[in-house]
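To be precise, the following lines are data07.txt, and they hold compact mmCIF, C-alpha atoms.
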# COMPACT_ATOMS: atom_id res chain seq x y z
CA MET A 1 21.03 38.87 26.35
CA GLN A 2 20.66 38.20 22.62
CA ASP A 3 20.49 34.47 23.35
CA ASN A 4 17.73 35.04 25.82
CA VAL A 5 15.58 36.89 23.29
CA VAL A 6 16.02 34.09 20.76
CA ARG A 7 15.04 31.56 23.40
CA MET A 8 11.91 33.47 24.32
CA ASP A 9 10.92 33.60 20.64
CA GLU A 10 11.41 29.87 20.40
CA ILE A 11 9.25 29.25 23.43
CA HIS A 12 6.51 31.50 22.08
CA GLU A 13 6.63 29.73 18.77
CA ARG A 14 6.47 26.30 20.37
CA ILE A 15 3.49 27.18 22.52
CA ALA A 16 1.70 28.75 19.55
CA THR A 17 2.44 25.73 17.33
CA ASN A 18 1.06 23.33 19.90
CA LEU A 19 -2.09 25.36 20.45
CA ARG A 20 -2.74 25.92 16.73
CA LYS A 21 -2.39 22.23 16.00
CA GLY A 22 -5.65 21.38 17.69
CA VAL A 23 -7.71 24.28 16.38
CA LEU A 24 -6.55 24.67 12.77
CA GLU A 25 -9.03 22.08 11.54
CA TYR A 26 -11.95 24.06 12.97
CA CYS A 27 -10.66 27.35 11.63
CA VAL A 28 -10.64 25.73 8.20
CA LEU A 29 -14.22 24.58 8.76
CA SER A 30 -15.22 28.06 9.87
CA LEU A 31 -13.69 29.71 6.79
CA LEU A 32 -15.38 27.17 4.54
CA ALA A 33 -18.70 27.76 6.30
CA ARG A 34 -18.64 31.29 4.82
CA ARG A 35 -17.86 30.23 1.27
CA ASP A 36 -16.23 27.50 -0.82
CA MET A 37 -12.52 28.07 -1.36
CA TYR A 38 -9.64 26.55 -3.28
CA GLY A 39 -6.38 25.54 -1.63
CA LEU A 40 -4.34 28.71 -1.99
CA GLU A 41 -7.24 30.94 -0.90
CA LEU A 42 -7.54 28.95 2.30
CA ALA A 43 -3.77 28.89 2.80
CA GLU A 44 -3.46 32.66 2.37
CA GLU A 45 -6.36 33.35 4.68
CA LEU A 46 -4.94 31.12 7.42
CA VAL A 47 -1.42 32.54 7.10
CA LYS A 48 -2.79 36.09 7.17
CA ARG A 49 -4.62 35.30 10.39
CA GLU A 50 -1.43 33.73 11.78
CA LEU A 51 -3.25 30.47 12.35
CA MET A 52 -0.85 28.43 10.26
CA ALA A 53 2.92 28.71 10.07
CA SER A 54 3.60 26.41 7.13
CA GLU A 55 1.35 26.25 4.09
CA GLY A 56 2.57 22.71 3.54
CA SER A 57 0.53 21.48 6.48
CA LEU A 58 -2.79 22.61 4.99
CA TYR A 59 -3.10 19.99 2.25
CA PRO A 60 -2.45 16.97 4.47
CA LEU A 61 -5.02 18.38 6.89
CA LEU A 62 -7.57 18.82 4.10
CA ALA A 63 -6.90 15.25 2.96
CA ARG A 64 -7.66 13.93 6.42
CA MET A 65 -10.73 16.13 6.83
CA GLN A 66 -12.03 14.88 3.53
CA GLN A 67 -11.41 11.30 4.60
CA GLY A 68 -13.25 12.05 7.84
CA GLY A 69 -16.18 13.55 5.92
CA SER A 70 -16.15 17.10 7.30
CA VAL A 71 -15.21 18.65 3.95
CA THR A 72 -15.74 17.68 0.35
CA SER A 73 -13.93 18.74 -2.81
CA TRP A 74 -14.45 18.92 -6.56
CA ARG A 75 -12.75 20.39 -9.60
CA GLU A 76 -14.21 23.44 -11.18
CA ALA A 77 -13.14 26.25 -13.52
CA ARG A 78 -14.56 29.50 -12.16
CA ASP A 79 -14.47 32.93 -13.80
CA GLY A 80 -12.72 31.57 -16.85
CA SER A 81 -9.61 30.49 -14.94
CA ARG A 82 -8.10 27.03 -15.14
CA PRO A 83 -9.82 24.25 -13.16
CA ARG A 84 -9.09 24.29 -9.46
CA LYS A 85 -9.97 22.01 -6.59
CA TYR A 86 -12.60 23.69 -4.45
CA TYR A 87 -13.38 22.69 -0.90
CA ALA A 88 -16.72 23.00 0.88
CA ILE A 89 -17.95 22.17 4.35
CA THR A 90 -20.38 19.24 4.72
CA ASP A 91 -23.31 18.92 7.12
CA GLU A 92 -21.10 16.73 9.27
CA GLY A 93 -18.49 19.49 9.21
CA ARG A 94 -21.04 22.10 10.30
CA ALA A 95 -22.08 19.90 13.22
CA MET A 96 -18.43 19.52 14.24
CA LEU A 97 -17.88 23.24 13.93
CA SER A 98 -20.78 24.14 16.21
CA SER A 99 -19.63 21.57 18.80
CA PHE A 100 -16.15 23.04 18.63
CA ALA A 101 -17.45 26.59 19.08
CA GLU A 102 -19.20 25.55 22.30
CA VAL A 103 -16.22 23.69 23.71
CA TRP A 104 -13.82 26.44 22.69
CA GLY A 105 -15.92 29.12 24.39
CA ARG A 106 -15.98 27.14 27.59
CA ILE A 107 -12.28 26.31 27.61
CA ALA A 108 -11.26 29.87 26.71
CA ARG A 109 -13.32 31.14 29.63
CA GLN A 110 -11.89 28.55 32.01
CA VAL A 111 -8.32 29.27 30.93
CA ASN A 112 -8.82 33.02 31.18
CA ASP A 113 -10.35 32.66 34.61
CA THR A 114 -7.48 30.48 35.76
CA LEU A 115 -4.83 32.78 34.32
CA GLY A 116 -6.59 35.77 35.82
CA GLY A 117 -6.53 34.10 39.21
CA LYS A 118 -10.32 33.95 39.66
CA ALA A 119 -12.03 31.19 41.57
CA MET B 120 5.77 29.54 -15.09
CA ASN B 121 9.14 30.28 -16.67
CA ASN B 122 11.80 27.64 -17.20
CA THR B 123 13.66 28.05 -13.92
CA GLN B 124 10.46 28.06 -11.92
CA GLU B 125 9.23 25.02 -13.76
CA ARG B 126 12.47 23.14 -13.11
CA GLN B 127 12.44 24.01 -9.42
CA ALA B 128 8.76 23.11 -9.04
CA GLY B 129 9.27 19.89 -10.98
CA ARG B 130 12.17 18.86 -8.79
CA TYR B 131 10.21 19.64 -5.63
CA LEU B 132 7.17 17.67 -6.83
CA SER B 133 9.14 14.61 -7.88
CA GLN B 134 10.95 14.60 -4.53
CA LEU B 135 7.60 14.85 -2.81
CA ASP B 136 6.30 11.94 -4.89
CA GLY B 137 9.32 9.89 -3.82
CA GLU B 138 8.83 10.73 -0.15
CA LEU B 139 5.17 9.71 -0.36
CA GLY B 140 6.15 6.11 -1.19
CA MET B 141 4.04 4.78 1.68
CA LEU B 142 0.81 5.84 -0.01
CA PRO B 143 -1.00 4.12 -2.91
CA ALA B 144 -0.23 5.56 -6.35
CA ALA B 145 -3.64 7.18 -6.86
CA GLN B 146 -3.48 9.02 -3.56
CA ARG B 147 0.10 10.08 -4.26
CA ALA B 148 -0.88 11.51 -7.62
CA GLU B 149 -3.73 13.43 -5.99
CA ILE B 150 -1.44 14.98 -3.39
CA VAL B 151 1.21 15.94 -5.94
CA ASP B 152 -1.60 17.49 -7.98
CA ASP B 153 -2.83 19.56 -5.01
CA VAL B 154 0.64 20.85 -4.21
CA GLU B 155 1.36 21.59 -7.87
CA SER B 156 -1.86 23.58 -8.03
CA HIS B 157 -0.79 25.52 -4.94
CA ILE B 158 2.56 26.38 -6.54
CA THR B 159 1.00 27.44 -9.85
CA ASP B 160 -1.61 29.61 -8.11
CA SER B 161 1.04 31.21 -5.90
CA LEU B 162 3.25 32.04 -8.87
CA GLU B 163 0.27 33.57 -10.65
CA ARG B 164 -0.13 35.83 -7.65
CA GLY B 165 3.40 37.03 -8.33
CA ARG B 166 5.07 35.21 -5.47
CA ASP B 167 8.67 34.08 -5.74
CA ILE B 168 9.23 30.36 -6.35
CA ASP B 169 11.82 30.06 -3.56
CA GLU B 170 9.46 31.68 -1.11
CA VAL B 171 6.56 29.45 -2.19
CA LEU B 172 8.59 26.27 -1.77
CA ALA B 173 10.01 27.45 1.56
CA GLY B 174 6.46 28.21 2.71
CA LEU B 175 5.46 24.64 1.96
CA GLY B 176 8.37 23.11 3.87
CA THR B 177 10.70 20.43 2.52
CA PRO B 178 9.17 17.53 0.57
CA ARG B 179 10.11 15.26 3.45
CA GLU B 180 8.31 17.47 5.98
CA VAL B 181 5.19 17.63 3.80
CA ALA B 182 5.23 13.85 3.32
CA LYS B 183 5.63 13.33 7.05
CA THR B 184 2.66 15.60 7.75
CA TYR B 185 0.60 13.52 5.33
CA ALA B 186 1.72 10.33 7.03
CA ASP B 187 0.77 11.77 10.44
CA GLU B 188 -2.60 13.14 9.31
CA LEU B 189 -3.61 10.06 7.36
CA ASP B 190 -2.28 7.76 10.06
CA VAL B 191 0.10 5.83 7.81
CA PRO B 192 3.52 4.90 9.15
CA PRO B 193 6.06 6.92 7.14
CA ALA B 194 8.50 5.23 4.77
CA VAL B 195 7.26 1.63 5.03
CA GLY B 196 3.49 1.29 4.89
CA PRO B 197 1.93 -2.16 5.27
CA ALA B 198 1.27 -2.47 1.54
CA LEU B 199 4.89 -1.65 0.73
CA ARG B 200 6.06 -4.16 3.31
CA ALA B 201 3.79 -6.81 1.77
CA GLU B 202 5.20 -5.98 -1.65
CA ARG B 203 8.75 -6.49 -0.39
CA TRP B 204 8.04 -9.83 1.23
CA LEU B 205 6.25 -11.07 -1.84
CA SER B 206 9.00 -9.84 -4.15
CA VAL B 207 11.41 -12.05 -2.26
CA ALA B 208 8.99 -14.95 -2.71
CA THR B 209 8.43 -14.39 -6.43
CA VAL B 210 12.17 -14.08 -7.12
CA GLY B 211 12.92 -17.13 -4.96
CA VAL B 212 10.28 -19.32 -6.58
CA GLY B 213 11.33 -17.97 -10.00
CA VAL B 214 14.89 -19.15 -9.35
CA ILE B 215 13.71 -22.61 -8.21
CA VAL B 216 11.45 -23.01 -11.25
CA SER B 217 14.31 -21.95 -13.54
CA ALA B 218 16.52 -24.50 -11.80
CA LEU B 219 13.91 -27.18 -12.44
CA MET B 220 13.82 -26.20 -16.08
CA LEU B 221 17.53 -27.04 -16.23
CA PHE B 222 16.64 -30.65 -15.34
CA PHE B 223 14.40 -30.74 -18.40
CA GLU B 224 17.00 -29.13 -20.61
CA PRO B 225 17.37 -31.99 -23.11
CA GLY B 226 13.62 -32.10 -23.60
CA LEU B 227 13.44 -28.33 -23.97
CA VAL B 228 16.20 -28.24 -26.55
CA ALA B 229 14.47 -31.02 -28.48
CA GLY B 230 11.16 -29.18 -28.36
CA ALA B 231 12.17 -25.55 -28.91
CA GLY B 232 15.77 -25.54 -30.06
CA LEU B 233 18.68 -24.20 -28.05
CA GLY B 234 17.47 -20.58 -28.16
CA GLY B 235 13.96 -21.57 -27.09
CA ALA B 236 15.34 -23.66 -24.27
CA VAL B 237 17.43 -20.73 -22.99
CA VAL B 238 14.35 -18.50 -23.07
CA VAL B 239 12.23 -21.05 -21.20
CA ILE B 240 14.94 -21.56 -18.57
CA ALA B 241 15.41 -17.82 -18.02
CA LEU B 242 11.70 -16.99 -18.16
CA PRO B 243 10.74 -17.92 -14.57
CA VAL B 244 13.53 -15.79 -13.07
CA LEU B 245 12.59 -12.87 -15.29
CA LEU B 246 8.88 -13.16 -14.47
CA GLY B 247 9.63 -13.49 -10.77
CA ALA B 248 11.76 -10.35 -10.85
CA MET B 249 9.31 -8.37 -12.99
CA PRO B 250 7.43 -6.70 -10.12
CA LEU B 251 10.80 -5.44 -8.87
CA VAL B 252 12.37 -4.19 -12.06
CA VAL B 253 9.47 -2.21 -13.52
CA PRO B 254 10.41 1.31 -12.45
CA ARG B 255 8.16 3.91 -10.88
CA PRO B 256 5.81 5.46 -11.91
CA TRP B 257 4.92 2.32 -13.86
CA GLY B 258 5.71 0.16 -10.82
CA SER B 259 2.08 -0.60 -10.18
CA ILE B 260 1.69 -2.42 -13.50
CA GLY B 261 4.63 -4.77 -12.79
CA PRO B 262 2.77 -7.34 -10.66
CA PRO B 263 -0.44 -7.52 -12.76
CA LEU B 264 1.59 -7.76 -15.95
CA ALA B 265 3.69 -10.61 -14.53
CA VAL B 266 0.50 -12.40 -13.37
CA VAL B 267 -1.15 -12.17 -16.78
CA LEU B 268 1.98 -13.41 -18.55
CA ALA B 269 2.49 -16.30 -16.12
CA THR B 270 -1.17 -17.32 -16.32
CA VAL B 271 -1.17 -17.24 -20.10
CA ILE B 272 2.04 -19.30 -20.17
CA VAL B 273 0.68 -21.94 -17.79
CA ALA B 274 -2.59 -22.09 -19.74
CA ALA B 275 -0.59 -22.49 -22.95
CA GLY B 276 1.17 -25.37 -21.21
CA PHE B 277 -2.10 -27.26 -20.90
CA PHE B 278 -3.02 -26.89 -24.56
CA TRP B 279 0.27 -26.72 -26.32
CA TRP B 280 3.56 -27.57 -24.64
CA GLU B 281 3.39 -29.31 -21.27
CA ASN B 282 6.80 -28.08 -20.09
CA LEU B 283 5.26 -24.64 -19.57
CA VAL B 284 2.84 -26.02 -16.99
CA MET B 285 5.84 -26.26 -14.67
CA LEU B 286 5.55 -22.50 -14.17
CA ALA B 287 2.39 -23.06 -12.08
CA PRO B 288 4.07 -22.44 -8.67
CA LEU B 289 5.44 -19.15 -9.91
CA MET B 290 2.01 -18.22 -11.24
CA PHE B 291 0.46 -18.78 -7.79
CA VAL B 292 3.07 -16.67 -6.03
CA LEU B 293 2.72 -13.90 -8.61
CA TRP B 294 -1.02 -13.92 -8.00
CA ALA B 295 -0.35 -13.40 -4.31
CA ALA B 296 2.12 -10.60 -5.12
CA ALA B 297 -0.51 -8.85 -7.23
CA VAL B 298 -3.52 -9.33 -4.96
CA VAL B 299 -2.21 -9.10 -1.39
CA PRO B 300 -0.86 -5.50 -1.50
CA LEU B 301 -4.18 -4.37 -2.99
CA ILE B 302 -6.13 -6.04 -0.21
CA THR B 303 -3.74 -4.62 2.37
CA ARG B 304 -4.42 -1.15 1.03
CA SER B 305 -8.16 -1.44 0.98
CA ARG B 306 -9.91 -0.70 4.22
CA ARG B 307 -12.49 -3.43 3.76
CA THR B 308 -11.96 -6.35 6.08
CA GLY B 309 -14.45 -8.56 4.20
CA ALA B 310 -12.00 -9.20 1.38
CA ARG B 311 -9.33 -10.26 3.85
CA LEU B 312 -11.66 -12.66 5.61
CA ALA B 313 -12.79 -14.14 2.29
CA LEU B 314 -9.17 -14.68 1.18
CA ARG B 315 -8.32 -16.30 4.50
CA ILE B 316 -11.25 -18.71 4.24
CA VAL B 317 -10.43 -19.59 0.64
CA GLY B 318 -6.79 -20.13 1.61
CA GLY B 319 -7.71 -22.27 4.60
CA ALA B 320 -10.08 -24.32 2.45
CA ALA B 321 -7.37 -24.85 -0.19
CA VAL B 322 -5.10 -26.28 2.49
CA ALA B 323 -7.78 -28.30 4.28
CA LEU B 324 -9.59 -29.87 1.29
CA PRO B 325 -6.83 -32.35 0.31
CA GLY B 326 -6.70 -33.30 4.00
CA LEU B 327 -10.46 -33.94 4.01
CA ALA B 328 -10.04 -36.04 0.87
CA LEU B 329 -7.33 -38.11 2.57
CA VAL B 330 -9.40 -38.65 5.72
CA GLY B 331 -12.52 -39.39 3.68
CA GLY B 332 -10.61 -41.81 1.47
CA ALA B 333 -9.24 -43.67 4.47
CA VAL B 334 -12.62 -43.86 6.19
CA THR B 335 -14.47 -45.19 3.14
CA GLY B 336 -11.63 -47.57 2.35
CA ALA B 337 -10.83 -45.98 -1.00
CA LEU B 338 -7.31 -45.22 0.24
CA GLU B 339 -5.08 -47.80 1.90
CA GLY B 340 -2.55 -47.03 4.59
CA GLY B 341 -4.78 -46.35 7.59
CA VAL B 342 -3.11 -44.10 10.14
CA LEU B 343 -0.40 -43.04 7.67
CA VAL B 344 -3.10 -41.48 5.51
CA VAL B 345 -5.40 -40.25 8.28
CA LEU B 346 -2.72 -38.41 10.28
CA PRO B 347 -1.45 -36.12 7.50
CA GLY B 348 -5.07 -35.65 6.47
CA VAL B 349 -6.06 -34.49 9.95
CA ALA B 350 -2.96 -32.28 10.13
CA LEU B 351 -3.90 -30.59 6.86
CA VAL B 352 -7.46 -29.98 8.02
CA ALA B 353 -6.20 -28.54 11.32
CA VAL B 354 -3.67 -26.23 9.68
CA GLY B 355 -6.28 -25.15 7.14
CA ALA B 356 -8.75 -24.34 9.90
CA LEU B 357 -6.16 -22.32 11.83
CA PHE B 358 -5.24 -20.54 8.58
CA ALA B 359 -8.85 -19.54 8.05
CA PHE B 360 -9.00 -18.48 11.68
CA GLY B 361 -6.09 -16.09 11.06
CA LEU B 362 -3.26 -17.64 13.08
CA ARG B 363 0.14 -16.43 11.88
CA THR B 364 1.80 -19.68 12.94
CA ALA B 365 -0.48 -21.51 10.50
CA TYR B 366 0.59 -19.13 7.71
CA ALA B 367 4.25 -19.85 8.52
CA ILE B 368 3.64 -23.62 8.57
CA VAL B 369 1.89 -23.49 5.20
CA ALA B 370 4.66 -21.35 3.66
CA GLY B 371 7.42 -23.51 5.14
CA ALA B 372 5.76 -26.76 4.07
CA GLY B 373 5.38 -25.27 0.59
CA VAL B 374 9.10 -24.48 0.33
CA VAL B 375 10.10 -27.95 1.60
CA MET B 376 7.68 -29.64 -0.78
CA LEU B 377 8.82 -27.53 -3.74
CA VAL B 378 12.48 -28.34 -3.22
CA ALA B 379 11.82 -32.00 -2.32
CA SER B 380 9.64 -32.64 -5.35
CA MET B 381 12.47 -31.34 -7.55
CA PHE B 382 14.74 -34.14 -6.39
CA GLY B 383 12.19 -36.93 -6.29
CA PRO B 384 10.08 -36.52 -9.39
CA GLY B 385 7.48 -39.26 -9.14
CA MET B 386 4.13 -39.94 -10.70
CA LEU B 387 2.34 -37.19 -8.87
CA PHE B 388 5.20 -34.74 -9.47
CA TRP B 389 3.12 -32.04 -11.07
CA GLY B 390 0.51 -32.21 -8.32
CA PHE B 391 3.05 -31.83 -5.52
CA TRP B 392 5.02 -29.20 -7.44
CA SER B 393 1.97 -27.02 -8.04
CA ALA B 394 0.50 -27.55 -4.57
CA ALA B 395 3.85 -26.49 -3.12
CA GLY B 396 3.66 -23.27 -5.13
CA LEU B 397 0.09 -22.69 -4.00
CA TRP B 398 1.09 -23.17 -0.36
CA ILE B 399 4.00 -20.77 -0.66
CA ALA B 400 1.68 -18.23 -2.26
CA LEU B 401 -0.95 -18.66 0.48
CA GLY B 402 1.49 -18.74 3.40
CA VAL B 403 3.77 -15.91 2.32
CA GLY B 404 0.82 -13.89 1.03
CA ALA B 405 -0.98 -14.16 4.36
CA LEU B 406 2.18 -13.44 6.36
CA ALA B 407 3.00 -10.45 4.21
CA GLY B 408 -0.52 -9.09 4.31
CA THR B 409 -0.92 -9.14 8.08
CA ARG B 410 0.89 -7.40 10.86
CA ARG B 411 2.48 -9.08 13.82
CA ARG B 412 0.40 -8.27 16.87
What do you get writing this file as structure tokens?
Amino acid sequence: MQDNVVRMDEIHERIATNLRKGVLEYCVLSLLARRDMYGLELAEELVKRELMASEGSLYPLLARMQQGGSVTSWREARDGSRPRKYYAITDEGRAMLSSFAEVWGRIARQVNDTLGGKA
Amino acid sequence: MNNTQERQAGRYLSQLDGELGMLPAAQRAEIVDDVESHITDSLERGRDIDEVLAGLGTPREVAKTYADELDVPPAVGPALRAERWLSVATVGVGVIVSALMLFFEPGLVAGAGLGGAVVVIALPVLLGAMPLVVPRPWGSIGPPLAVVLATVIVAAGFFWWENLVMLAPLMFVLWAAAVVPLITRSRRTGARLALRIVGGAAVALPGLALVGGAVTGALEGGVLVVLPGVALVAVGALFAFGLRTAYAIVAGAGVVMLVASMFGPGMLFWGFWSAAGLWIALGVGALAGTRRR
């Protein structure tokens, strides 16, 4: 019985990990579309929303997004604190985000319909 | 950060730096900086160091995520592979040049005394090994430093003491060891094409000279001159075209010529000796800098 519960948890976690993998990038873009953030702010926000299991995966993702041109970063000391690396969304990132929102809406509807047994 | 935290964070970051070996130094430094910033910020929020590091995952896991995201093969990136190949070449050519210096030993002792002769004989091996022995994080200055030293020594040979000119093959290979990994890292294909054309031209030009000499009658020997000339032009053209077989032929011919010219020092010795080094540099450099398809 105990084993079974553990196995179910594992399965849940695996499904969630796989699904998050594809959408994390756009959640980052969406958070950055509201305001510029530094690394830990983003990490905390994503963990709080249960969108990211390991904080260690955020920085590699940001590095790739920056390479791809959807975010940009710079160093800045705000409110008298030490300099931090801030991230912001670019125009390219905003375009990607709005495309994602459309596709996501459609897929979510299709999946819900299918799961709900509709036509 | 208190002492324990600092030690733990430091160990984590240096492990991460080690695991990121497949990335260029600048990018590595940037990543380590980002993660360090994350740790410092988290500790300022009052989080526990163990929890922060556990939240990040092991250095190996973080490095692997970077490799996946940035599309670099983990552990051995192409630039690192090129560096390894070329290290073998620089050490190998260094050993051969040192061996040649032994042939000149009486002349060296006469010119620079016993101590000077020992230095000159050991120098090529040491220079050839330099890119390997300079430890991280200074590893990236090893190859350029060796190139500058070798170039200065060969130049000094022209003006001051001709025995030093014998280091020319090593200088060529060190140039390849310094330049090729850089080109491999850069995403621009123009630089690669330019290097390939220059390399192909360097192989083909002596061939053109041979053919031209035979045709105008400046060189005697007829077919015996024309054939190797045509072969050189063909290999040079294929080199410029990017054929790996041509790279291997150029490198192999360079090694054969280097060793052969050691045992048959004739009038044109220096020419063959240096050309052999240039070929090894071109061939091995091109092989190391490209991937088998």
Would you mind listing what lies within 10 Å of region 98-110 of chain A as a PyMOL selection string, with only C-alpha atoms counted and same-chain residues fewer than 2 positions away left out?
chain A and resi 23+26-27+29-30+93-96+112-116+118-119
Neighbours of chain B in chain A at 8 Å, counting all atoms listed in the file, as a list of chain:residue names
A:Gly39, A:Leu40, A:Ser54, A:Glu55, A:Gly56, A:Ser57, A:Tyr59, A:Pro60, A:Leu61, A:Ala63, A:Arg64, A:Arg84, A:Lys85
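The gap separating CA of Pro262 (chain B) from CA of Met381 (chain B) is 26.1 Å, in Å to one decimal.
The space between CA of Asp136 (chain B) and CA of Glu155 (chain B) spans 11.2 Å.
In this comparison, which uses all atoms listed in the file, the residue of A:Ile89, A:Trp74, A:Val111, A:Ala16 approaching Leu31 (chain A) most closely is A:Ile89.
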Mind giving me the straight-line distance from CA of Asp79 (chain A) to CA of Leu62 (chain A) in Å, one decimal?
23.8 Å
Just checking: using all atoms listed in the file, which residue out of A:Ala33, A:Ile15, A:Leu42, A:Leu51 ends up closest to Asp91 (chain A)?
A:Ala33
Do a neighbour search on Gly319 (chain B) at 9 Å with all atoms listed in the file, toss out local chain neighbours closer than 4 positions, and write the hits as a count of residues only.
13
Is it possible to add N, CA and C atoms to region 305-325 of chain B and hand it back as a compact mmCIF listing (two decimals), in the frame of the given file?
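Output file part_2.txt is given in full below:
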# COMPACT_ATOMS: atom_id res chain seq x y z
N SER B 305 -6.74 -1.75 0.85
CA SER B 305 -8.16 -1.44 0.98
C SER B 305 -8.54 -1.52 2.44
N ARG B 306 -9.53 -0.75 2.81
CA ARG B 306 -9.91 -0.70 4.22
C ARG B 306 -10.97 -1.74 4.54
N ARG B 307 -11.42 -2.45 3.53
CA ARG B 307 -12.49 -3.43 3.76
C ARG B 307 -11.91 -4.70 4.35
N THR B 308 -12.49 -5.15 5.46
CA THR B 308 -11.96 -6.35 6.08
C THR B 308 -12.61 -7.59 5.47
N GLY B 309 -13.74 -7.41 4.79
CA GLY B 309 -14.45 -8.56 4.20
C GLY B 309 -13.58 -9.31 3.22
N ALA B 310 -12.85 -8.56 2.38
CA ALA B 310 -12.00 -9.20 1.38
C ALA B 310 -10.92 -10.04 2.04
N ARG B 311 -10.38 -9.52 3.14
CA ARG B 311 -9.33 -10.26 3.85
C ARG B 311 -9.86 -11.56 4.41
N LEU B 312 -11.05 -11.47 5.02
CA LEU B 312 -11.66 -12.66 5.61
C LEU B 312 -11.93 -13.69 4.52
N ALA B 313 -12.47 -13.23 3.39
CA ALA B 313 -12.79 -14.14 2.29
C ALA B 313 -11.52 -14.85 1.81
N LEU B 314 -10.43 -14.09 1.64
CA LEU B 314 -9.17 -14.68 1.18
C LEU B 314 -8.66 -15.72 2.17
N ARG B 315 -8.80 -15.38 3.47
CA ARG B 315 -8.32 -16.30 4.50
C ARG B 315 -9.10 -17.61 4.46
N ILE B 316 -10.42 -17.50 4.27
CA ILE B 316 -11.25 -18.71 4.24
C ILE B 316 -10.93 -19.54 3.00
N VAL B 317 -10.79 -18.87 1.86
CA VAL B 317 -10.43 -19.59 0.64
C VAL B 317 -9.08 -20.28 0.81
N GLY B 318 -8.12 -19.55 1.39
CA GLY B 318 -6.79 -20.13 1.61
C GLY B 318 -6.85 -21.33 2.54
N GLY B 319 -7.57 -21.18 3.66
CA GLY B 319 -7.71 -22.27 4.60
C GLY B 319 -8.35 -23.48 3.95
N ALA B 320 -9.38 -23.23 3.13
CA ALA B 320 -10.08 -24.32 2.45
C ALA B 320 -9.13 -25.03 1.48
N ALA B 321 -8.30 -24.25 0.78
CA ALA B 321 -7.37 -24.85 -0.19
C ALA B 321 -6.38 -25.77 0.51
N VAL B 322 -6.02 -25.43 1.75
CA VAL B 322 -5.10 -26.28 2.49
C VAL B 322 -5.84 -27.49 3.07
N ALA B 323 -7.07 -27.25 3.55
CA ALA B 323 -7.78 -28.30 4.28
C ALA B 323 -8.41 -29.36 3.36
N LEU B 324 -8.84 -28.94 2.15
CA LEU B 324 -9.59 -29.87 1.29
C LEU B 324 -8.83 -31.16 0.96
N PRO B 325 -7.54 -31.09 0.55
CA PRO B 325 -6.83 -32.35 0.31
C PRO B 325 -6.79 -33.21 1.57
